[in-house]
file run01.txt (compact mmCIF, C-alpha atoms)
# COMPACT_ATOMS: atom_id res chain seq x y z
CA MET A 210 -76.16 -88.60 -42.50
CA ARG A 211 -74.09 -86.83 -45.09
CA ARG A 212 -74.01 -83.73 -42.91
CA LEU A 213 -72.76 -85.75 -39.90
CA TRP A 214 -70.04 -87.28 -42.03
CA LEU A 215 -68.90 -83.81 -43.16
CA ILE A 216 -68.73 -82.58 -39.56
CA PHE A 217 -66.68 -85.65 -38.56
CA ALA A 218 -64.22 -85.19 -41.45
CA GLN A 219 -63.73 -81.51 -40.65
CA THR A 220 -63.16 -82.28 -36.97
CA VAL A 221 -60.50 -84.93 -37.75
CA THR A 222 -58.77 -82.58 -40.20
CA LEU A 223 -58.69 -79.80 -37.62
CA ALA A 224 -57.31 -82.14 -34.93
CA VAL A 225 -54.52 -83.38 -37.22
CA ALA A 226 -53.62 -79.78 -38.05
CA VAL A 227 -53.44 -78.86 -34.36
CA LEU A 228 -51.19 -81.87 -33.62
CA PHE A 229 -48.91 -80.93 -36.50
CA VAL A 230 -48.53 -77.37 -35.24
CA LEU A 231 -47.83 -78.53 -31.67
CA SER A 232 -45.23 -81.11 -32.76
CA ALA A 233 -43.43 -78.48 -34.81
CA LEU A 234 -43.51 -75.54 -32.39
CA ALA A 235 -43.81 -77.01 -28.88
CA PRO A 236 -42.93 -80.72 -28.84
CA GLU A 237 -42.31 -80.67 -25.09
CA TRP A 238 -46.08 -80.13 -24.53
CA LEU A 239 -46.82 -83.51 -26.11
CA ASN A 240 -44.16 -85.32 -24.00
CA SER A 241 -44.98 -83.71 -20.65
CA ARG A 242 -45.88 -85.95 -17.79
CA PRO A 243 -47.15 -85.27 -14.32
CA VAL A 244 -44.25 -84.42 -11.99
CA GLY A 245 -44.08 -86.65 -8.96
CA PRO A 246 -41.60 -88.58 -6.83
CA GLY A 247 -38.80 -90.06 -8.95
CA THR A 248 -39.57 -87.86 -11.96
CA LEU A 249 -36.76 -85.84 -13.52
CA THR A 250 -37.39 -83.04 -15.97
CA ILE A 251 -34.35 -81.71 -17.84
CA VAL A 252 -34.44 -78.65 -20.06
CA GLN A 253 -31.81 -78.95 -22.81
CA SER A 254 -30.57 -75.90 -24.70
CA PRO A 255 -30.47 -76.24 -28.47
CA PRO A 256 -27.21 -77.65 -29.87
CA ILE A 257 -24.51 -75.32 -31.22
CA ARG A 258 -24.01 -76.06 -34.89
CA SER A 259 -20.57 -74.41 -35.34
CA ASP A 260 -17.85 -72.52 -33.49
CA ALA A 261 -18.98 -69.32 -35.18
CA GLU A 262 -22.41 -69.63 -33.53
CA ARG A 263 -20.97 -70.13 -30.03
CA VAL A 264 -21.40 -67.17 -27.69
CA VAL A 265 -18.51 -66.90 -25.20
CA PRO A 266 -19.86 -66.09 -21.73
CA PRO A 267 -18.53 -62.90 -20.11
CA GLY A 268 -15.41 -63.62 -18.05
CA SER A 269 -14.56 -66.81 -19.96
CA TYR A 270 -11.03 -67.35 -21.26
CA SER A 271 -11.90 -70.36 -23.39
CA VAL A 272 -10.80 -68.62 -26.59
CA ALA A 273 -7.34 -67.82 -25.15
CA ALA A 274 -7.00 -71.35 -23.74
CA GLY A 275 -8.15 -72.96 -26.98
CA ARG A 276 -5.68 -70.89 -28.96
CA SER A 277 -2.63 -71.75 -26.83
CA MET A 278 -3.28 -75.25 -25.43
CA PRO A 279 -2.40 -77.18 -28.63
CA ALA A 280 1.14 -75.71 -28.49
CA VAL A 281 1.82 -76.90 -24.91
CA VAL A 282 3.37 -80.37 -24.70
CA HIS A 283 4.13 -82.98 -22.04
CA ILE A 284 7.82 -83.88 -21.67
CA LEU A 285 8.91 -87.25 -20.30
CA THR A 286 12.57 -87.91 -19.51
CA SER A 287 14.55 -91.08 -18.79
CA ARG A 288 18.09 -92.07 -17.86
CA ASN A 289 20.24 -95.04 -18.72
CA ALA A 290 20.62 -97.25 -15.66
CA SER A 291 22.67 -100.45 -15.42
CA SER A 292 21.05 -103.54 -14.04
CA ALA A 293 22.37 -105.11 -10.85
CA ARG A 294 25.67 -106.85 -11.60
CA ASN A 295 25.44 -110.59 -12.07
CA PRO A 296 27.58 -112.49 -9.52
CA LEU A 297 29.02 -114.59 -12.38
CA ALA A 298 30.13 -111.52 -14.36
CA ASP A 299 33.78 -112.02 -13.38
CA ASP A 300 33.84 -115.62 -14.58
CA PRO A 301 35.76 -115.91 -17.92
CA PHE A 302 33.44 -118.68 -19.17
CA TYR A 303 30.40 -116.47 -18.44
CA ARG A 304 31.96 -113.44 -20.15
CA HIS A 305 32.80 -115.54 -23.22
CA PHE A 306 29.10 -116.16 -23.86
CA PHE A 307 27.42 -113.09 -22.32
CA GLY A 308 29.99 -110.31 -22.73
CA ASP A 309 31.69 -108.03 -20.24
CA ARG A 310 28.89 -105.60 -19.43
CA ASP A 311 25.27 -105.81 -18.50
CA PRO A 312 22.98 -104.16 -21.06
CA PRO A 313 21.78 -100.64 -20.17
CA ARG A 314 18.12 -100.04 -19.52
CA GLN A 315 15.99 -96.91 -19.60
CA SER A 316 14.68 -95.69 -16.26
CA PRO A 317 12.02 -92.96 -16.15
CA THR A 318 13.23 -89.96 -14.18
CA GLY A 319 10.71 -87.15 -14.46
CA GLN A 320 8.21 -85.15 -16.41
CA GLY A 321 7.46 -81.55 -17.16
CA SER A 322 5.99 -79.34 -19.83
CA GLY A 323 7.17 -77.44 -22.88
CA VAL A 324 5.93 -75.00 -25.51
CA ILE A 325 6.14 -75.40 -29.29
CA VAL A 326 7.55 -72.08 -30.49
CA SER A 327 8.04 -72.69 -34.22
CA LYS A 328 6.63 -74.71 -37.10
CA GLU A 329 10.07 -76.32 -37.43
CA GLY A 330 9.48 -78.25 -34.21
CA TYR A 331 11.50 -76.20 -31.70
CA ILE A 332 10.27 -76.44 -28.11
CA LEU A 333 11.12 -74.21 -25.15
CA THR A 334 11.24 -75.75 -21.69
CA ASN A 335 13.17 -75.45 -18.43
CA ASN A 336 16.74 -76.65 -18.14
CA HIS A 337 15.95 -78.45 -14.88
CA VAL A 338 13.34 -80.56 -16.71
CA VAL A 339 15.90 -82.12 -19.09
CA GLU A 340 19.39 -81.51 -17.64
CA THR A 341 19.91 -85.07 -16.34
CA ALA A 342 18.03 -86.86 -19.12
CA ASP A 343 19.56 -89.43 -21.47
CA GLY A 344 16.29 -89.83 -23.35
CA ILE A 345 13.51 -87.28 -23.98
CA GLU A 346 10.03 -87.94 -25.32
CA VAL A 347 7.44 -85.31 -26.16
CA SER A 348 3.69 -85.97 -26.04
CA LEU A 349 1.57 -83.54 -28.06
CA ASN A 350 -1.85 -82.29 -27.04
CA ASP A 351 -3.46 -84.50 -29.72
CA GLY A 352 -1.91 -87.64 -28.21
CA ARG A 353 0.98 -88.14 -30.65
CA ARG A 354 4.42 -88.93 -29.20
CA PHE A 355 7.84 -88.17 -30.63
CA PRO A 356 11.44 -88.56 -29.48
CA ALA A 357 13.05 -85.15 -28.95
CA GLU A 358 16.58 -83.93 -29.59
CA LEU A 359 18.24 -81.59 -27.10
CA ILE A 360 19.47 -78.61 -29.12
CA GLY A 361 21.00 -76.73 -26.21
CA ARG A 362 20.69 -75.68 -22.58
CA ASP A 363 21.29 -72.46 -20.68
CA PRO A 364 21.57 -73.26 -16.96
CA GLU A 365 22.07 -69.60 -16.08
CA THR A 366 18.48 -68.76 -17.10
CA ASP A 367 17.10 -72.30 -16.55
CA LEU A 368 16.00 -72.61 -20.19
CA ALA A 369 16.49 -75.37 -22.74
CA VAL A 370 15.54 -75.91 -26.38
CA LEU A 371 14.37 -79.24 -27.80
CA ARG A 372 13.33 -80.23 -31.31
CA ILE A 373 11.03 -82.89 -32.70
CA ALA A 374 11.33 -83.94 -36.34
CA ASP A 375 8.86 -85.30 -38.90
CA ALA A 376 5.85 -84.28 -36.82
CA GLY A 377 3.98 -82.62 -39.67
CA ASP A 378 2.21 -79.31 -39.22
CA LEU A 379 2.75 -78.19 -35.64
CA PRO A 380 0.64 -75.67 -33.66
CA ALA A 381 3.29 -73.06 -32.74
CA ILE A 382 2.31 -70.52 -30.10
CA ALA A 383 2.30 -66.76 -30.77
CA PHE A 384 4.68 -64.56 -28.76
CA SER A 385 3.30 -61.45 -27.07
CA ALA A 386 4.70 -58.01 -27.83
CA PRO A 387 7.74 -57.04 -25.71
CA ASP A 388 6.96 -55.16 -22.48
CA SER A 389 3.22 -55.55 -23.03
CA LEU A 390 2.56 -57.16 -19.65
CA GLU A 391 1.43 -55.10 -16.66
CA VAL A 392 0.81 -55.90 -13.01
CA GLY A 393 -2.86 -56.86 -12.66
CA ASP A 394 -3.18 -58.42 -16.13
CA VAL A 395 -5.00 -61.75 -16.31
CA VAL A 396 -2.77 -64.70 -17.21
CA LEU A 397 -3.31 -68.44 -17.75
CA ALA A 398 -0.76 -71.08 -16.72
CA ILE A 399 -0.87 -74.19 -18.94
CA GLY A 400 1.02 -77.39 -18.23
CA ASN A 401 0.83 -80.92 -16.90
CA PRO A 402 0.83 -80.66 -13.07
CA PHE A 403 1.55 -83.91 -11.20
CA GLY A 404 1.19 -85.80 -14.49
CA VAL A 405 -2.63 -85.63 -14.40
CA GLY A 406 -2.87 -84.22 -17.94
CA GLN A 407 -2.99 -80.81 -19.52
CA THR A 408 -4.45 -78.24 -17.14
CA VAL A 409 -5.25 -74.53 -17.34
CA THR A 410 -5.23 -72.28 -14.26
CA MET A 411 -6.04 -68.59 -14.13
CA GLY A 412 -4.69 -65.69 -12.10
CA ILE A 413 -3.15 -62.26 -12.45
CA VAL A 414 0.34 -60.84 -12.74
CA SER A 415 1.31 -60.16 -9.12
CA ALA A 416 4.67 -58.48 -9.81
CA LEU A 417 7.28 -57.98 -12.52
CA GLY A 418 11.07 -58.00 -12.42
CA ARG A 419 11.47 -60.31 -9.42
CA THR A 420 15.18 -60.93 -8.67
CA ARG A 421 17.40 -62.29 -5.89
CA LEU A 422 15.35 -65.46 -5.60
CA GLY A 423 18.32 -67.80 -5.92
CA ILE A 424 16.70 -69.77 -8.75
CA SER A 425 19.21 -68.92 -11.49
CA THR A 426 22.08 -66.55 -12.25
CA PHE A 427 20.08 -64.17 -14.44
CA GLU A 428 16.69 -63.46 -12.89
CA ASN A 429 13.89 -61.20 -14.07
CA TYR A 430 10.80 -63.17 -13.15
CA ILE A 431 7.11 -62.61 -13.62
CA GLN A 432 5.29 -63.39 -10.37
CA THR A 433 1.74 -64.73 -10.67
CA ASP A 434 -0.92 -66.24 -8.45
CA ALA A 435 -2.10 -68.59 -11.22
CA ALA A 436 -1.64 -72.06 -9.72
CA ILE A 437 1.71 -73.57 -10.78
CA ASN A 438 2.54 -77.03 -9.45
CA PRO A 439 5.24 -79.67 -10.04
CA GLY A 440 4.97 -80.76 -13.67
CA ASN A 441 4.02 -77.25 -14.83
CA SER A 442 7.72 -76.40 -15.23
CA GLY A 443 8.47 -75.41 -18.82
CA GLY A 444 4.80 -74.80 -19.64
CA ALA A 445 3.24 -71.65 -21.01
CA LEU A 446 2.10 -68.52 -19.23
CA VAL A 447 -0.23 -66.74 -21.67
CA ASP A 448 -2.21 -63.51 -21.61
CA ALA A 449 -5.96 -63.09 -22.09
CA SER A 450 -5.47 -63.30 -25.86
CA GLY A 451 -3.59 -66.60 -25.69
CA ASP A 452 -0.16 -65.11 -26.55
CA LEU A 453 2.94 -66.39 -24.76
CA VAL A 454 4.20 -64.01 -22.05
CA GLY A 455 6.41 -66.38 -20.04
CA ILE A 456 7.75 -69.88 -19.35
CA ASN A 457 6.53 -71.30 -16.01
CA THR A 458 9.58 -72.12 -13.91
CA ALA A 459 9.22 -72.23 -10.13
CA ILE A 460 6.92 -71.91 -7.15
CA TYR A 461 7.37 -70.68 -3.62
CA SER A 462 6.06 -73.49 -1.46
CA ARG A 463 6.68 -75.17 1.87
CA SER A 464 4.40 -78.09 1.06
CA GLY A 465 5.30 -78.82 -2.56
CA GLY A 466 1.95 -77.50 -3.81
CA SER A 467 0.86 -74.11 -5.06
CA LEU A 468 0.57 -71.33 -2.49
CA GLY A 469 -0.27 -68.63 -5.00
CA ILE A 470 3.32 -67.50 -5.60
CA GLY A 471 4.65 -68.75 -8.92
CA PHE A 472 7.43 -67.46 -11.16
CA ALA A 473 7.82 -67.42 -14.93
CA ILE A 474 10.67 -66.37 -17.21
CA PRO A 475 9.51 -63.42 -19.34
CA VAL A 476 9.13 -64.02 -23.06
CA SER A 477 11.70 -61.34 -23.97
CA LEU A 478 14.47 -63.25 -22.18
CA ALA A 479 13.21 -66.62 -23.44
CA ARG A 480 13.17 -65.38 -27.04
CA ASP A 481 16.80 -64.20 -26.83
CA VAL A 482 17.97 -67.52 -25.38
CA LEU A 483 15.95 -69.44 -27.99
CA GLN A 484 17.45 -67.54 -30.91
CA GLN A 485 21.02 -67.95 -29.67
CA ILE A 486 20.66 -71.68 -28.99
CA VAL A 487 19.03 -72.35 -32.38
CA ALA A 488 21.75 -70.34 -34.15
CA ASN A 489 24.81 -71.49 -32.15
CA GLY A 490 23.77 -74.34 -29.86
CA GLU A 491 24.60 -72.23 -26.80
CA VAL A 492 24.24 -68.77 -25.28
CA THR A 493 27.23 -66.41 -25.39
CA ARG A 494 27.58 -63.66 -22.77
CA GLY A 495 30.14 -61.06 -21.84
CA TRP A 496 32.49 -61.43 -18.85
CA VAL A 497 35.25 -59.37 -17.21
CA GLY A 498 36.33 -61.59 -14.30
CA VAL A 499 35.36 -59.72 -11.15
CA GLU A 500 33.57 -60.64 -7.95
CA ILE A 501 30.96 -58.03 -7.12
CA ARG A 502 28.69 -57.24 -4.21
CA GLU A 503 26.13 -54.63 -3.29
CA LEU A 504 27.28 -51.42 -1.64
CA VAL A 505 26.92 -51.29 2.15
CA ARG A 506 25.91 -47.82 3.31
CA ASP A 507 28.04 -47.55 6.46
CA LEU A 508 30.99 -49.51 5.07
CA ASP A 509 31.40 -48.19 1.53
CA ALA A 510 30.33 -44.52 1.82
CA PRO A 511 33.28 -42.23 1.00
CA ALA A 512 34.67 -40.18 3.85
CA GLY A 513 32.73 -36.95 4.14
CA GLY A 514 30.64 -37.83 1.07
CA GLN A 515 27.21 -39.10 0.14
CA MET A 516 26.45 -42.74 -0.58
CA THR A 517 26.10 -43.24 -4.35
CA SER A 518 24.69 -46.05 -6.46
CA GLY A 519 27.02 -48.56 -8.04
CA ALA A 520 28.56 -51.97 -7.45
CA MET A 521 31.55 -52.83 -5.26
CA ILE A 522 34.32 -54.85 -6.92
CA ALA A 523 35.26 -57.25 -4.15
CA GLY A 524 37.77 -59.30 -6.13
CA VAL A 525 39.54 -59.44 -9.48
CA LEU A 526 40.44 -62.74 -11.13
CA ARG A 527 44.11 -63.04 -12.06
CA GLY A 528 44.65 -62.79 -15.83
CA SER A 529 41.08 -61.62 -16.43
CA PRO A 530 40.01 -58.73 -18.69
CA ALA A 531 39.36 -56.68 -15.53
CA GLU A 532 42.90 -57.16 -14.24
CA ARG A 533 44.42 -56.32 -17.63
CA ALA A 534 42.35 -53.12 -17.73
CA GLY A 535 43.56 -52.02 -14.28
CA LEU A 536 40.49 -52.66 -12.13
CA ARG A 537 41.26 -53.32 -8.45
CA PRO A 538 39.43 -54.76 -5.44
CA GLY A 539 37.71 -51.91 -3.63
CA ASP A 540 36.83 -49.99 -6.81
CA ILE A 541 33.19 -48.97 -7.07
CA LEU A 542 31.80 -49.29 -10.59
CA VAL A 543 29.60 -46.25 -11.22
CA ALA A 544 28.83 -46.50 -14.95
CA MET A 545 29.44 -48.57 -18.09
CA ASP A 546 29.50 -46.79 -21.44
CA ASP A 547 27.79 -43.75 -19.84
CA GLN A 548 24.99 -45.97 -18.48
CA ASP A 549 24.64 -45.75 -14.69
CA VAL A 550 25.12 -48.92 -12.68
CA ARG A 551 22.53 -49.12 -9.89
CA GLY A 552 23.71 -52.29 -8.19
CA ALA A 553 25.57 -55.59 -8.42
CA ARG A 554 22.88 -57.46 -10.33
CA GLU A 555 22.51 -54.64 -12.82
CA MET A 556 26.27 -54.72 -13.43
CA LEU A 557 26.19 -58.50 -13.99
CA GLU A 558 23.39 -58.13 -16.55
CA MET A 559 25.05 -55.18 -18.29
CA VAL A 560 28.35 -57.03 -18.68
CA ALA A 561 26.59 -60.20 -19.83
CA ALA A 562 24.75 -58.25 -22.52
CA ARG A 563 28.05 -57.06 -24.05
CA THR A 564 29.54 -58.94 -27.00
CA PRO A 565 32.83 -60.72 -26.27
CA GLY A 566 35.66 -58.90 -27.97
CA ASP A 567 34.06 -55.46 -27.71
CA THR A 568 35.56 -52.73 -25.53
CA SER A 569 33.50 -50.94 -22.86
CA ARG A 570 34.41 -47.87 -20.83
CA PHE A 571 34.10 -48.41 -17.09
CA ARG A 572 33.81 -45.38 -14.82
CA VAL A 573 34.93 -46.29 -11.30
CA ARG A 574 35.37 -44.46 -8.03
CA ARG A 575 38.66 -45.25 -6.34
CA ASN A 576 39.15 -43.66 -2.94
CA ALA A 577 38.18 -40.01 -3.41
CA SER A 578 38.62 -39.80 -7.18
CA GLU A 579 36.93 -41.10 -10.30
CA LEU A 580 38.68 -42.57 -13.32
CA GLU A 581 37.71 -44.21 -16.60
CA LEU A 582 39.15 -47.51 -17.81
CA ASP A 583 38.69 -49.29 -21.13
CA VAL A 584 37.89 -52.98 -20.59
CA ARG A 585 37.96 -55.52 -23.40
CA ILE A 586 35.02 -57.85 -22.77
CA GLY A 587 35.77 -61.56 -22.53
CA ARG A 588 33.48 -64.56 -22.95
CA ARG A 589 31.62 -65.75 -19.88
CA PRO A 590 32.47 -69.36 -18.95
CA THR A 591 29.36 -71.51 -18.87
CA GLN A 592 28.35 -75.07 -18.16
CA SER A 593 28.04 -77.38 -21.13
CA GLY A 594 24.85 -76.57 -23.00
CA ARG A 595 24.49 -79.90 -24.79

call {"tool": "encode", "arguments": {"input": "run01.txt", "output": "structure tokens"}}
result
Amino acid sequence: MRRLWLIFAQTVTLAVAVLFVLSALAPEWLNSRPVGPGTLTIVQSPPIRSDAERVVPPGSYSVAAGRSMPAVVHILTSRNASSARNPLADDPFYRHFFGDRDPPRQSPTGQGSGVIVSKEGYILTNNHVVETADGIEVSLNDGRRFPAELIGRDPETDLAVLRIADAGDLPAIAFSAPDSLEVGDVVLAIGNPFGVGQTVTMGIVSALGRTRLGISTFENYIQTDAAINPGNSGGALVDASGDLVGINTAIYSRSGGSLGIGFAIPVSLARDVLQQIVANGEVTRGWVGVEIRELVRDLDAPAGGQMTSGAMIAGVLRGSPAERAGLRPGDILVAMDDQDVRGAREMLEMVAARTPGDTSRFRVRRNASELELDVRIGRRPTQSGR
């Protein structure tokens, strides 16, 4: 009897030990059931305990998106609109009690995106997002909302700068190095398309230096096939590291949706506009007061000579720096300060880059001869930036 009891005790002890090992090393064996109709078996991977333990799958851009998304904001604009006039408004008795004017009301007008570019609360966006707004509100990625002040606008590049105050520590985006972007690089477009919420799309850089699109006066666009839709305007275009390379601005579309041709303002131009607006409230550019056009091969080639690069001066504004310097309609501008002028747009950008008050030497071809003229640069007239 004692021997039987010993065998029983040893058997129970061994069984408990086996159950303990199974529950610790292979618990799914104990919970398995026969698979039949209506049975669902799900295999769950072990939970990730920290960001450091997470393995990013090959081809994923989650790190770049996670780094830049907190700095992209949603911009909501509104305008003051008067209510319909009361038919009794002209009655003196009515005006005595209710005043002469109906109270203004705020009417929502649009929405877009923006990018926080400094810890001080400065935000870059597109001018067309805020140009008609009387009130601007910014919604951060974490859900907080703040009224925004318009610091300045630059319609000629379609950029504007806003600022939010008393927002605490803000997630400012990092700017990419100048001229670091190449055709074929992967880029992410971040914004709030159609008001659905923050969205990230991926594509490549399709082209650089796009001009003559008719979007703004000064054009040097990045073209990308990353999906950009209405509401993305003013949002961030970032590289595979999450650094800002451009401000999403426009799309080519016949339907209103993305067709794989989007345009962004490069960060080098955006940075220059940002710094000038923060410092002065506006952007200052050079101006000489001429109307220019591209050279036409058959029309503008000199008699018996070869067609050269340059820009045709089609008109000179009376009283302008160009007229005072002796420039005339029909002159072909060949170079500025020993820098060759390749075309009309290049001349516009070269003059705009000069500081008002400085003097530049223009080399022009007039008839069959060349001459040099010193032109004192004026200040380019602009629309109001505030």

call {"tool": "atom_distance", "arguments": {"input": "run01.txt", "atom1": "atom CA of A:Asn401", "atom2": "atom CA of A:Ala473"}}
result
15.3 Å

call {"tool": "residues_around", "arguments": {"input": "run01.txt", "residues": "stretch 531-541 of chain A", "least_positions_apart": "5", "cutoff": "8 Å", "atoms": "all atoms listed in the file", "output": "PyMOL selection string"}}
result
chain A and resi 497-499+519-526+573-576+582-585

call {"tool": "residues_around", "arguments": {"input": "run01.txt", "residues": "A:Thr426", "least_positions_apart": "2", "cutoff": "7 Å", "atoms": "all atoms listed in the file", "output": "PDB file with C-alpha atoms, in the coordinates of the input"}}
result
ATOM      1  CA  GLU A 365      22.070 -69.600 -16.080  1.00  0.00           C
ATOM      2  CA  THR A 366      18.480 -68.760 -17.100  1.00  0.00           C
ATOM      3  CA  GLU A 428      16.690 -63.460 -12.890  1.00  0.00           C
TER       4      GLU A 428
END

call {"tool": "atom_distance", "arguments": {"input": "run01.txt", "atom1": "atom CA of A:Ser569", "atom2": "atom CA of A:Gln485"}}
result
22.2 Å

call {"tool": "atom_distance", "arguments": {"input": "run01.txt", "atom1": "atom CA of A:Leu379", "atom2": "atom CA of A:Lys328"}}
result
5.4 Å

call {"tool": "closest_residue", "arguments": {"input": "run01.txt", "among": "A:Ile424, A:Ile360, A:Leu557, A:Leu333", "to": "A:Trp496", "atoms": "all atoms listed in the file"}}
result
A:Leu557

call {"tool": "closest_residue", "arguments": {"input": "run01.txt", "among": "A:Ala342, A:Ala381, A:Ala561, A:Ala273", "to": "A:Asn289", "atoms": "only C-alpha atoms"}}
result
A:Ala342

call {"tool": "closest_residue", "arguments": {"input": "run01.txt", "among": "A:Ile399, A:Ile345, A:Val492, A:Leu213", "to": "A:Thr458", "atoms": "only C-alpha atoms"}}
result
A:Ile399

call {"tool": "closest_residue", "arguments": {"input": "run01.txt", "among": "A:Gly566, A:Arg572, A:Tyr461, A:Ser271", "to": "A:Leu422", "atoms": "all atoms listed in the file"}}
result
A:Tyr461

call {"tool": "closest_residue", "arguments": {"input": "run01.txt", "among": "A:Glu503, A:Glu579, A:Glu491, A:Asp375", "to": "A:Gly552", "atoms": "only C-alpha atoms"}}
result
A:Glu503

call {"tool": "closest_residue", "arguments": {"input": "run01.txt", "among": "A:Pro530, A:Pro380, A:Gly423, A:Gly443", "to": "A:Arg276", "atoms": "all atoms listed in the file"}}
result
A:Pro380

call {"tool": "residues_near_point", "arguments": {"input": "run01.txt", "point": "(-4.1, -71.1, -17.0)", "cutoff": "8 Å", "atoms": "all atoms listed in the file", "output": "list in words"}}
result
Ala274, Val396, Leu397, Ala398, Ile399, Thr408, Val409, Thr410, Met411, Gly412, Ala435, Ala436, Leu446 and Val447 of chain A

call {"tool": "write_last_selection", "arguments": {"input": "run01.txt", "atoms": "C-alpha atoms", "output": "PDB file, in the frame of the given file"}}
result
ATOM      1  CA  ALA A 274      -7.000 -71.350 -23.740  1.00  0.00           C
ATOM      2  CA  VAL A 396      -2.770 -64.700 -17.210  1.00  0.00           C
ATOM      3  CA  LEU A 397      -3.310 -68.440 -17.750  1.00  0.00           C
ATOM      4  CA  ALA A 398      -0.760 -71.080 -16.720  1.00  0.00           C
ATOM      5  CA  ILE A 399      -0.870 -74.190 -18.940  1.00  0.00           C
ATOM      6  CA  THR A 408      -4.450 -78.240 -17.140  1.00  0.00           C
ATOM      7  CA  VAL A 409      -5.250 -74.530 -17.340  1.00  0.00           C
ATOM      8  CA  THR A 410      -5.230 -72.280 -14.260  1.00  0.00           C
ATOM      9  CA  MET A 411      -6.040 -68.590 -14.130  1.00  0.00           C
ATOM     10  CA  GLY A 412      -4.690 -65.690 -12.100  1.00  0.00           C
ATOM     11  CA  ALA A 435      -2.100 -68.590 -11.220  1.00  0.00           C
ATOM     12  CA  ALA A 436      -1.640 -72.060  -9.720  1.00  0.00           C
ATOM     13  CA  LEU A 446       2.100 -68.520 -19.230  1.00  0.00           C
ATOM     14  CA  VAL A 447      -0.230 -66.740 -21.670  1.00  0.00           C
TER      15      VAL A 447
END

call {"tool": "axis_aligned_box", "arguments": {"input": "run01.txt", "around": "stretch 478-493 of chain A", "padding_each_side": "5 Å", "output": "lines of an AutoDock Vina configuration file"}}
result
center_x = 20.2
center_y = -68.8
center_z = -28.2
size_x = 24.1
size_y = 21.1
size_z = 22.0

call {"tool": "closest_atom_pairs", "arguments": {"input": "run01.txt", "of": "stretch 454-548 of chain A", "to": "stretch 277-285 of chain A", "cutoff": "12 Å", "atoms": "all atoms listed in the file", "output": "JSON lines"}}
result
{"residue": "A:Val454", "atom": "CA", "partner": "A:Ser277", "partner_atom": "CA", "distance": 11.4}
{"residue": "A:Ile456", "atom": "CA", "partner": "A:Val281", "partner_atom": "CA", "distance": 10.7}
{"residue": "A:Asn457", "atom": "CA", "partner": "A:Val281", "partner_atom": "CA", "distance": 11.5}

call {"tool": "decode", "arguments": {"input": "run01.txt", "residues": "stretch 442-472 of chain A", "atoms": "C-alpha atoms", "output": "JSON list (two decimals), in the first residue's frame"}}
result
[["chain", "number", "residue", "atom", "x", "y", "z"],
["A", 442, "SER", "CA", -1.50, 73.82, -49.75],
["A", 443, "GLY", "CA", 1.06, 75.21, -47.31],
["A", 444, "GLY", "CA", 1.96, 71.76, -45.98],
["A", 445, "ALA", "CA", 5.38, 70.16, -45.84],
["A", 446, "LEU", "CA", 7.29, 68.28, -48.50],
["A", 447, "VAL", "CA", 9.99, 66.34, -46.64],
["A", 448, "ASP", "CA", 12.81, 64.01, -47.66],
["A", 449, "ALA", "CA", 13.39, 60.44, -46.51],
["A", 450, "SER", "CA", 14.97, 61.76, -43.31],
["A", 451, "GLY", "CA", 11.99, 63.95, -42.43],
["A", 452, "ASP", "CA", 13.73, 67.26, -43.22],
["A", 453, "LEU", "CA", 11.78, 70.04, -44.95],
["A", 454, "VAL", "CA", 12.61, 70.38, -48.65],
["A", 455, "GLY", "CA", 9.59, 72.38, -49.86],
["A", 456, "ILE", "CA", 6.18, 73.95, -49.19],
["A", 457, "ASN", "CA", 3.36, 72.22, -51.10],
["A", 458, "THR", "CA", 1.67, 74.82, -53.29],
["A", 459, "ALA", "CA", -0.21, 73.66, -56.38],
["A", 460, "ILE", "CA", -1.33, 70.74, -58.50],
["A", 461, "TYR", "CA", -1.91, 70.26, -62.19],
["A", 462, "SER", "CA", -5.41, 68.87, -62.45],
["A", 463, "ARG", "CA", -8.46, 68.96, -64.69],
["A", 464, "SER", "CA", -10.66, 67.28, -62.11],
["A", 465, "GLY", "CA", -9.60, 69.03, -58.90],
["A", 466, "GLY", "CA", -7.88, 65.89, -57.59],
["A", 467, "SER", "CA", -4.30, 64.70, -57.79],
["A", 468, "LEU", "CA", -3.06, 63.52, -61.17],
["A", 469, "GLY", "CA", 0.51, 62.92, -60.05],
["A", 470, "ILE", "CA", 1.81, 66.38, -60.93],
["A", 471, "GLY", "CA", 2.27, 68.55, -57.86],
["A", 472, "PHE", "CA", 4.48, 71.56, -57.22]]
